[in-house]
$ cat my_file.tsv   # TSV, C-alpha atoms and all ligand atoms
chain	number	residue	atom	x	y	z
N	1	MET	CA	99.32	83.83	135.43
N	2	SER	CA	102.68	84.09	133.70
N	3	LEU	CA	103.10	83.93	129.93
N	4	MET	CA	105.94	83.16	127.55
N	5	LEU	CA	106.37	86.38	125.59
N	6	GLN	CA	108.45	87.94	122.82
N	7	GLU	CA	108.58	91.67	123.51
N	8	GLU	CA	110.25	94.60	121.79
N	9	ILE	CA	113.13	96.34	123.52
N	10	VAL	CA	112.62	100.11	123.74
N	11	CYS	CA	116.08	100.98	125.06
N	12	ASN	CA	119.07	99.46	126.81
N	13	ARG	CA	121.74	101.71	128.30
N	14	GLU	CA	124.61	101.46	130.75
N	15	LEU	CA	123.87	103.53	133.88
N	16	VAL	CA	127.26	103.10	135.56
N	17	THR	CA	130.00	100.64	134.70
N	18	GLY	CA	128.44	97.19	134.35
N	19	ILE	CA	124.88	98.15	135.35
N	20	TYR	CA	122.31	98.30	132.55
N	21	GLN	CA	118.77	99.66	132.42
N	22	LEU	CA	116.62	97.87	129.86
N	23	THR	CA	113.06	98.87	128.97
N	24	PHE	CA	110.76	96.65	126.93
N	25	ARG	CA	107.19	97.15	125.79
N	26	SER	CA	104.77	94.54	127.15
N	27	ALA	CA	101.04	95.04	127.43
N	28	TYR	CA	100.73	91.88	129.51
N	29	VAL	CA	103.58	92.33	132.00
N	30	SER	CA	102.93	96.05	132.45
N	31	GLN	CA	99.29	95.43	133.38
N	32	ASN	CA	99.80	92.32	135.52
N	33	ALA	CA	103.13	92.62	137.34
N	34	LYS	CA	103.15	93.24	141.07
N	35	PRO	CA	106.10	94.59	143.09
N	36	GLY	CA	108.54	91.83	144.01
N	37	GLN	CA	107.88	89.74	140.90
N	38	PHE	CA	110.48	88.98	138.24
N	39	VAL	CA	110.83	87.96	134.60
N	40	ASN	CA	112.89	84.99	133.41
N	41	ILE	CA	114.84	85.94	130.30
N	42	LYS	CA	116.30	83.86	127.52
N	43	CYS	CA	119.47	85.88	127.10
N	44	CYS	CA	121.30	83.96	124.38
N	45	GLU	CA	121.14	81.22	121.78
N	46	GLY	CA	122.42	77.61	121.62
N	47	PHE	CA	124.00	75.89	124.60
N	48	ASN	CA	124.24	79.12	126.61
N	49	ALA	CA	120.48	79.58	126.36
N	50	ILE	CA	119.50	76.47	128.31
N	51	LEU	CA	118.90	78.40	131.49
N	52	ARG	CA	116.92	81.61	131.52
N	53	ARG	CA	118.13	84.38	133.85
N	54	PRO	CA	115.77	85.83	136.48
N	55	VAL	CA	115.68	89.64	136.79
N	56	SER	CA	113.35	91.66	139.03
N	57	ILE	CA	110.87	94.13	137.64
N	58	CYS	CA	112.20	97.56	138.61
N	59	SER	CA	109.61	99.94	137.20
N	60	VAL	CA	106.39	99.81	135.22
N	61	ASP	CA	104.75	102.49	133.10
N	62	ARG	CA	101.23	101.07	132.78
N	63	GLU	CA	100.06	103.90	130.52
N	64	ASN	CA	102.76	103.38	127.89
N	65	LYS	CA	102.95	99.61	128.53
N	66	ASN	CA	106.66	99.78	129.30
N	67	VAL	CA	108.53	97.61	131.79
N	68	THR	CA	112.03	98.39	133.06
N	69	ILE	CA	114.58	96.02	134.52
N	70	VAL	CA	118.06	96.92	135.77
N	71	PHE	CA	120.77	94.28	135.80
N	72	GLN	CA	124.44	93.85	136.51
N	73	LYS	CA	126.62	92.28	133.84
N	74	ARG	CA	128.02	89.22	135.65
N	75	GLY	CA	128.49	86.22	133.38
N	76	THR	CA	127.43	84.75	130.07
N	77	GLY	CA	123.70	85.52	130.15
N	78	THR	CA	123.83	89.10	131.35
N	79	SER	CA	126.75	89.84	128.98
N	80	TYR	CA	124.50	88.87	126.05
N	81	LEU	CA	121.66	90.90	127.55
N	82	ALA	CA	123.90	93.95	127.78
N	83	LYS	CA	124.41	93.82	124.00
N	84	LYS	CA	120.68	93.98	123.16
N	85	ARG	CA	119.56	97.12	121.37
N	86	ALA	CA	116.29	99.03	120.84
N	87	GLY	CA	114.15	97.09	118.37
N	88	ASP	CA	115.57	93.67	119.36
N	89	VAL	CA	113.19	91.06	120.70
N	90	LEU	CA	113.31	89.99	124.36
N	91	ASP	CA	112.21	86.40	124.98
N	92	LEU	CA	110.84	86.17	128.53
N	93	ILE	CA	108.45	84.40	130.88
N	94	GLY	CA	106.60	86.62	133.31
N	95	PRO	CA	105.51	88.00	135.58
N	96	LEU	CA	106.78	85.25	137.93
N	97	GLY	CA	106.90	84.61	141.66
N	98	SER	CA	105.19	85.99	144.73
N	99	HIS	CA	104.87	89.70	145.46
N	100	PHE	CA	105.35	92.00	148.45
N	101	ASP	CA	102.40	92.39	150.83
N	102	LEU	CA	101.14	95.92	150.08
N	103	SER	CA	98.21	95.92	152.53
N	104	GLU	CA	96.52	99.27	153.05
N	105	ASN	CA	97.18	98.82	156.78
N	106	TYR	CA	100.85	99.63	156.16
N	107	LYS	CA	100.85	103.42	156.17
N	108	ASN	CA	104.39	104.13	157.27
N	109	ILE	CA	106.85	101.92	155.40
N	110	ALA	CA	110.58	101.57	154.89
N	111	VAL	CA	112.52	99.80	152.18
N	112	VAL	CA	116.13	98.75	152.76
N	113	GLY	CA	118.17	97.80	149.70
N	114	GLY	CA	121.79	96.97	149.08
N	115	GLY	CA	123.58	97.08	145.70
N	116	ILE	CA	121.64	95.33	142.94
N	117	GLY	CA	118.97	94.44	145.52
N	118	ILE	CA	117.51	97.94	145.30
N	119	PHE	CA	115.71	97.34	141.97
N	120	PRO	CA	112.52	95.51	143.07
N	121	LEU	CA	112.16	98.05	145.89
N	122	LEU	CA	111.79	100.91	143.42
N	123	PHE	CA	108.78	99.19	141.81
N	124	LEU	CA	107.30	98.80	145.30
N	125	LEU	CA	107.79	102.51	146.10
N	126	GLU	CA	106.25	103.46	142.74
N	127	GLN	CA	103.13	101.41	143.36
N	128	LYS	CA	102.52	101.73	147.09
N	129	GLN	CA	100.28	104.59	148.14
N	130	CYS	CA	100.80	105.41	151.82
N	131	VAL	CA	101.39	108.20	154.30
N	132	HIS	CA	105.16	107.95	154.59
N	133	LYS	CA	107.78	106.06	152.62
N	134	THR	CA	111.43	105.97	153.69
N	135	ALA	CA	114.05	104.47	151.39
N	136	TYR	CA	117.39	103.29	152.75
N	137	ILE	CA	119.78	102.32	149.96
N	138	GLY	CA	123.39	101.27	150.40
N	139	PHE	CA	126.23	100.89	147.90
N	140	ARG	CA	129.92	99.99	147.98
N	141	SER	CA	131.02	103.44	146.76
N	142	LYS	CA	129.71	106.39	144.73
N	143	ASN	CA	130.76	104.61	141.51
N	144	TYR	CA	127.98	102.07	142.08
N	145	VAL	CA	125.18	104.50	142.94
N	146	VAL	CA	122.26	104.25	140.50
N	147	LEU	CA	118.64	105.45	140.33
N	148	GLU	CA	119.14	108.04	143.08
N	149	GLU	CA	116.68	110.46	141.43
N	150	ALA	CA	114.05	107.75	140.90
N	151	PHE	CA	114.24	106.76	144.58
N	152	LYS	CA	114.04	110.39	145.64
N	153	HIS	CA	111.00	110.95	143.44
N	154	ASN	CA	109.17	107.88	144.78
N	155	SER	CA	109.80	108.26	148.52
N	156	HIS	CA	109.27	110.94	151.16
N	157	GLU	CA	112.71	110.44	152.63
N	158	LEU	CA	115.82	108.98	151.04
N	159	ILE	CA	118.83	107.82	153.05
N	160	ILE	CA	121.94	106.75	151.13
N	161	SER	CA	125.09	105.18	152.47
N	162	THR	CA	128.32	104.01	150.93
N	163	ASP	CA	130.77	101.64	152.61
N	164	ASP	CA	133.65	104.06	151.98
N	165	GLY	CA	131.75	107.31	152.62
N	166	SER	CA	132.29	108.59	149.06
N	167	LEU	CA	128.58	109.50	148.85
N	168	GLY	CA	125.89	109.82	151.51
N	169	GLN	CA	126.64	108.58	155.00
N	170	LYS	CA	129.65	106.33	155.62
N	171	GLY	CA	129.03	102.75	156.65
N	172	PHE	CA	126.52	100.00	156.11
N	173	ILE	CA	122.91	100.95	155.44
N	174	THR	CA	121.88	98.65	158.30
N	175	ASP	CA	123.89	100.86	160.73
N	176	LEU	CA	121.65	103.78	159.76
N	177	LEU	CA	118.50	101.70	160.06
N	178	GLU	CA	119.63	100.49	163.48
N	179	LYS	CA	120.28	104.02	164.66
N	180	ARG	CA	116.90	105.12	163.43
N	181	ILE	CA	114.63	102.35	164.69
N	182	LEU	CA	116.40	101.27	167.86
N	183	GLU	CA	118.21	104.36	169.12
N	184	GLU	CA	116.31	107.41	167.89
N	185	GLY	CA	112.87	105.94	167.18
N	186	ILE	CA	111.28	107.45	164.08
N	187	LYS	CA	109.83	110.67	165.47
N	188	GLY	CA	107.92	108.64	168.03
N	189	GLU	CA	106.35	106.50	165.31
N	190	LYS	CA	107.19	103.05	164.09
N	191	TYR	CA	107.34	101.69	160.56
N	192	ASP	CA	104.41	99.34	159.96
N	193	ILE	CA	106.61	97.17	157.76
N	194	ILE	CA	110.15	97.02	156.37
N	195	TYR	CA	110.82	95.48	152.95
N	196	THR	CA	114.35	94.43	152.11
N	197	CYS	CA	116.41	93.05	149.23
N	198	GLY	CA	120.17	92.74	148.86
N	199	PRO	CA	123.07	90.60	150.06
N	200	GLY	CA	122.14	87.81	152.51
N	201	PRO	CA	124.07	89.22	155.52
N	202	MET	CA	122.40	92.60	155.00
N	203	MET	CA	118.91	91.09	154.91
N	204	LYS	CA	119.68	88.93	157.95
N	205	LYS	CA	120.62	92.06	159.89
N	206	VAL	CA	117.49	93.92	158.71
N	207	VAL	CA	115.31	91.01	159.86
N	208	GLU	CA	117.05	90.99	163.28
N	209	LEU	CA	116.60	94.74	163.71
N	210	ALA	CA	112.96	94.63	162.64
N	211	SER	CA	112.31	91.79	165.05
N	212	LYS	CA	113.95	93.69	167.95
N	213	ALA	CA	111.86	96.76	167.15
N	214	GLY	CA	108.66	94.71	166.74
N	215	ILE	CA	108.26	95.63	163.07
N	216	LYS	CA	107.02	93.27	160.35
N	217	CYS	CA	109.56	92.51	157.66
N	218	GLN	CA	109.51	90.96	154.20
N	219	VAL	CA	112.60	89.85	152.28
N	220	SER	CA	113.24	89.16	148.61
N	221	LEU	CA	115.57	86.21	148.07
N	222	GLU	CA	117.80	85.96	145.03
N	223	GLN	CA	118.72	82.31	144.53
N	224	ARG	CA	120.32	80.72	141.49
N	225	MET	CA	117.53	79.24	139.39
N	226	GLY	CA	116.99	76.46	136.88
N	227	CYS	CA	113.52	76.31	135.39
N	228	GLY	CA	112.12	79.39	137.18
N	229	ILE	CA	108.62	77.88	137.26
N	230	GLY	CA	108.71	75.47	140.19
N	231	ALA	CA	109.62	72.26	138.37
N	232	CYS	CA	113.31	71.52	139.09
N	233	LEU	CA	113.93	72.43	142.78
N	234	ALA	CA	117.22	74.15	141.88
N	235	CYS	CA	116.20	77.22	143.87
N	236	ALA	CA	115.29	75.54	147.18
N	237	CYS	CA	115.67	77.60	150.36
N	238	LYS	CA	115.18	76.57	154.00
N	239	ILE	CA	112.05	77.99	155.61
N	240	LYS	CA	111.25	77.73	159.34
N	241	LEU	CA	107.88	76.29	160.37
N	242	ARG	CA	107.34	76.74	164.14
N	243	ASP	CA	109.67	74.03	165.59
N	244	ASP	CA	110.32	72.48	162.21
N	245	TRP	CA	111.49	73.59	158.77
N	246	GLN	CA	110.94	72.74	155.12
N	247	TYR	CA	112.44	73.61	151.75
N	248	LYS	CA	110.51	76.02	149.54
N	249	ARG	CA	111.11	77.12	145.97
N	250	VAL	CA	112.31	80.71	145.62
N	251	CYS	CA	110.94	80.91	142.05
N	252	LYS	CA	107.37	79.86	142.85
N	253	ASP	CA	106.82	80.08	146.63
N	254	GLY	CA	109.02	83.22	146.68
N	255	PRO	CA	111.04	85.27	145.98
N	256	ILE	CA	109.19	87.20	148.72
N	257	PHE	CA	109.09	85.64	152.20
N	258	TRP	CA	108.43	86.91	155.72
N	259	GLY	CA	111.78	87.66	157.33
N	260	GLU	CA	111.35	85.45	160.37
N	261	GLU	CA	110.64	82.41	158.16
N	262	VAL	CA	113.99	82.44	156.39
N	263	ASP	CA	117.02	80.51	157.63
N	264	PHE	CA	119.81	82.83	156.47
N	265	ASP	CA	122.48	80.46	157.84
N	266	ASP	CA	121.47	77.57	155.56
U	301	LIG	C1	114.33	86.47	141.77
U	301	LIG	C2	115.65	87.07	141.28
U	301	LIG	C3	115.68	88.38	140.90
U	301	LIG	C4	116.87	88.95	140.44
U	301	LIG	N1	116.87	90.26	140.09
U	301	LIG	C5	118.00	90.81	139.64
U	301	LIG	C6	118.01	92.18	139.25
U	301	LIG	O1	117.00	92.90	139.32
U	301	LIG	N2	119.18	92.70	138.78
U	301	LIG	C7	120.32	91.94	138.71
U	301	LIG	O2	121.36	92.46	138.32
U	301	LIG	N3	120.34	90.64	139.07
U	301	LIG	C8	119.21	90.06	139.52
U	301	LIG	N4	119.22	88.74	139.87
U	301	LIG	C9	120.48	87.97	139.73
U	301	LIG	C10	120.62	87.54	138.26
U	301	LIG	O3	119.65	86.56	137.98
U	301	LIG	C11	122.01	86.93	138.03
U	301	LIG	O4	122.98	87.92	138.17
U	301	LIG	C12	122.12	86.35	136.63
U	301	LIG	O5	121.33	85.18	136.56
U	301	LIG	C13	123.55	86.03	136.27
U	301	LIG	O6	123.51	85.39	135.02
U	301	LIG	P1	124.81	85.32	134.11
U	301	LIG	O7	124.54	84.35	133.01
U	301	LIG	O8	125.24	86.68	133.68
U	301	LIG	O9	125.88	84.80	135.10
U	301	LIG	P2	126.40	83.31	135.25
U	301	LIG	O10	127.47	83.07	134.22
U	301	LIG	O11	125.28	82.34	135.34
U	301	LIG	O12	127.03	83.49	136.68
U	301	LIG	C14	128.03	84.48	136.93
U	301	LIG	C15	128.01	84.84	138.40
U	301	LIG	O13	126.81	85.57	138.69
U	301	LIG	C16	126.36	85.25	139.99
U	301	LIG	N5	124.97	84.79	139.96
U	301	LIG	C17	124.40	83.97	139.06
U	301	LIG	N6	123.10	83.78	139.34
U	301	LIG	C18	122.84	84.49	140.44
U	301	LIG	C19	121.67	84.72	141.22
U	301	LIG	N7	120.50	84.18	140.93
U	301	LIG	N8	121.77	85.54	142.28
U	301	LIG	C20	122.93	86.12	142.58
U	301	LIG	N9	124.06	85.96	141.88
U	301	LIG	C21	124.03	85.15	140.83
U	301	LIG	C22	127.28	84.23	140.55
U	301	LIG	O14	128.23	84.87	141.36
U	301	LIG	C23	127.95	83.65	139.34
U	301	LIG	O15	129.21	83.15	139.64
U	301	LIG	C24	118.05	88.15	140.34
U	301	LIG	C25	118.01	86.81	140.73
U	301	LIG	C26	116.82	86.27	141.19
U	301	LIG	C27	116.78	84.84	141.60
U	302	LIG	S1	114.15	77.21	139.53
U	302	LIG	FE1	113.22	75.28	139.16
U	302	LIG	S2	112.01	75.01	140.93
U	302	LIG	FE2	112.76	77.03	141.15

$ encode --input "my_file.tsv" --output "structure tokens"
Amino acid sequence: MSLMLQEEIVCNRELVTGIYQLTFRSAYVSQNAKPGQFVNIKCCEGFNAILRRPVSICSVDRENKNVTIVFQKRGTGTSYLAKKRAGDVLDLIGPLGSHFDLSENYKNIAVVGGGIGIFPLLFLLEQKQCVHKTAYIGFRSKNYVVLEEAFKHNSHELIISTDDGSLGQKGFITDLLEKRILEEGIKGEKYDIIYTCGPGPMMKKVVELASKAGIKCQVSLEQRMGCGIGACLACACKIKLRDDWQYKRVCKDGPIFWGEEVDFDD
């Protein structure tokens, strides 16, 4: 169940230009949130406040009841959010949406994230207990790299790429995944599942690669939202159903879907 909450901000700081890490204290969200879920935040007052802004849960400290989100300053809402300070109140609804399938059967997992899509994957890595966790994270250049230490700490193997080669391996993160799962094989083993979040073309490629390698794959879709609770249909996405298709709501039916269900060309 999701609740409408007013929670105290513990800190809000800029990690790299335009990317902010905000921690708030919430007994309810910290105890109930599952990886892949998000909170819908009222960022500002008056006319600008009509629509809440969805932001994924990036990390949870259940002991201290703290929840961390990381967001990019893009427009009106996130610009207001960037100005919030410790002690301010955060007005949110959460936790919302579906969550990643964290079945115990998945012992060898990979996450593949691009840009601001990496944040829900960190929460997954924090929570998932399994034999081997590989994190693939890709950025445009070293100036956009965030949370490297947190990813290192929460995975057994971390692979970083930048488009321009300024940090980690040069190229798209999907090139490295392709090399690994189709050309080299992962030390004779296969990932049981790949979880991905990031730009649409990146996720489409991850789903194709996973399918070719016979690996399950879940994606996290980031659609523009209205109500965030399933009432307005603003967030509809096209989902394949055998020979047919239907529209589903990213806010309520998602944001997590099985890769092969999603029509990325819609
Ligand atoms: C389920 C979900 C989880 C998300 N998690 C995160 C997260 O962890 N960190 C993060 O930085 N962002 C996340 N987003 C995107 C975030 O919601 C948008 O960046 C934010 O709503 C922009 O609000 P704004 O008022 O600043 O921008 P607006 O003034 O509303 O728009 C400015 C620009 O931002 C872009 N934008 C707006 N909404 C979205 C959207 N939903 N998805 C992608 N781009 C958008 C568009 O290019 C738009 O032109 C998530 C979105 C969804 C749906
Ligand atoms: S945002 Fe209203 S139905 Fe999803």

$ residues_around --input "my_file.tsv" --residues "Ala135 in chain N" --least-positions-apart "5" --cutoff "10 Å" --atoms "all atoms listed in the file" --output "PDB file with C-alpha atoms, in the frame of the given file"
ATOM      1  CA  ILE N 109     106.850 101.920 155.400  1.00  0.00           C
ATOM      2  CA  ALA N 110     110.580 101.570 154.890  1.00  0.00           C
ATOM      3  CA  VAL N 111     112.520  99.800 152.180  1.00  0.00           C
ATOM      4  CA  VAL N 112     116.130  98.750 152.760  1.00  0.00           C
ATOM      5  CA  GLY N 113     118.170  97.800 149.700  1.00  0.00           C
ATOM      6  CA  ILE N 118     117.510  97.940 145.300  1.00  0.00           C
ATOM      7  CA  LEU N 121     112.160  98.050 145.890  1.00  0.00           C
ATOM      8  CA  LEU N 122     111.790 100.910 143.420  1.00  0.00           C
ATOM      9  CA  LEU N 125     107.790 102.510 146.100  1.00  0.00           C
ATOM     10  CA  PHE N 151     114.240 106.760 144.580  1.00  0.00           C
ATOM     11  CA  LYS N 152     114.040 110.390 145.640  1.00  0.00           C
ATOM     12  CA  ASN N 154     109.170 107.880 144.780  1.00  0.00           C
ATOM     13  CA  SER N 155     109.800 108.260 148.520  1.00  0.00           C
ATOM     14  CA  HIS N 156     109.270 110.940 151.160  1.00  0.00           C
ATOM     15  CA  GLU N 157     112.710 110.440 152.630  1.00  0.00           C
ATOM     16  CA  LEU N 158     115.820 108.980 151.040  1.00  0.00           C
ATOM     17  CA  ILE N 159     118.830 107.820 153.050  1.00  0.00           C
ATOM     18  CA  ILE N 160     121.940 106.750 151.130  1.00  0.00           C
ATOM     19  CA  ILE N 194     110.150  97.020 156.370  1.00  0.00           C
ATOM     20  CA  TYR N 195     110.820  95.480 152.950  1.00  0.00           C
TER      21      TYR N 195
END

$ closest_atom_pairs --input "my_file.tsv" --of "chain N" --to "ligand LIG 301 (chain U)" --cutoff "8 Å" --atoms "all atoms listed in the file" --output "CSV"
residue,atom,partner,partner_atom,distance
N:Ile19,CA,U:LIG301,O2,7.3
N:Gln37,CA,U:LIG301,C1,7.3
N:Phe38,CA,U:LIG301,C1,5.8
N:Val39,CA,U:LIG301,C3,8.0
N:Cys43,CA,U:LIG301,O7,7.9
N:Arg52,CA,U:LIG301,O5,7.6
N:Arg53,CA,U:LIG301,O5,4.3
N:Pro54,CA,U:LIG301,O3,4.2
N:Val55,CA,U:LIG301,N1,3.6
N:Ser56,CA,U:LIG301,O1,3.9
N:Ile57,CA,U:LIG301,O1,6.5
N:Cys58,CA,U:LIG301,O1,6.7
N:Ile69,CA,U:LIG301,O1,6.2
N:Val70,CA,U:LIG301,N2,5.3
N:Phe71,CA,U:LIG301,O2,3.2
N:Gln72,CA,U:LIG301,O2,3.8
N:Lys73,CA,U:LIG301,O8,5.8
N:Arg74,CA,U:LIG301,O8,4.2
N:Gly75,CA,U:LIG301,O8,3.3
N:Thr76,CA,U:LIG301,O7,4.1
N:Gly77,CA,U:LIG301,O7,3.2
N:Thr78,CA,U:LIG301,O8,3.6
N:Ser79,CA,U:LIG301,O8,5.9
N:Tyr80,CA,U:LIG301,O8,8.0
N:Gly97,CA,U:LIG301,C1,7.7
N:Ile116,CA,U:LIG301,O2,5.4
N:Gly117,CA,U:LIG301,O1,6.7
N:Ile118,CA,U:LIG301,O1,7.8
N:Phe119,CA,U:LIG301,O1,5.3
N:Pro120,CA,U:LIG301,O1,6.4
N:Ser220,CA,U:LIG301,C1,7.4
N:Leu221,CA,U:LIG301,C1,6.4
N:Glu222,CA,U:LIG301,C27,3.7
N:Gln223,CA,U:LIG301,C27,4.3
N:Arg224,CA,U:LIG301,N7,3.5
N:Met225,CA,U:LIG301,N7,6.0
N:Cys235,CA,U:LIG301,C27,8.0
N:Val250,CA,U:LIG301,C1,7.2
N:Cys251,CA,U:LIG301,C1,6.5
N:Gly254,CA,U:LIG301,C1,7.9
N:Pro255,CA,U:LIG301,C1,5.5

$ residues_around --input "my_file.tsv" --residues "Glu261 in chain N" --least-positions-apart "6" --cutoff "10 Å" --atoms "all atoms listed in the file" --output "PyMOL selection string"
chain N and resi 207+218-219+238-242+245

$ residues_near_ligand --input "my_file.tsv" --ligand "ligand LIG 302 (chain U)" --cutoff "7 Å" --atoms "only C-alpha atoms and all ligand atoms" --output "list of chain:residue names"
N:Met225, N:Gly226, N:Cys227, N:Gly228, N:Ile229, N:Gly230, N:Ala231, N:Cys232, N:Leu233, N:Ala234, N:Cys235, N:Ala236, N:Arg249, N:Val250, N:Cys251, N:Lys252

$ atom_distance --input "my_file.tsv" --atom1 "CA of Leu102 in chain N" --atom2 "CA of Ser30 in chain N"
17.7 Å

$ atom_distance --input "my_file.tsv" --atom1 "CA of Asp192 in chain N" --atom2 "CA of Gly171 in chain N"
25.1 Å
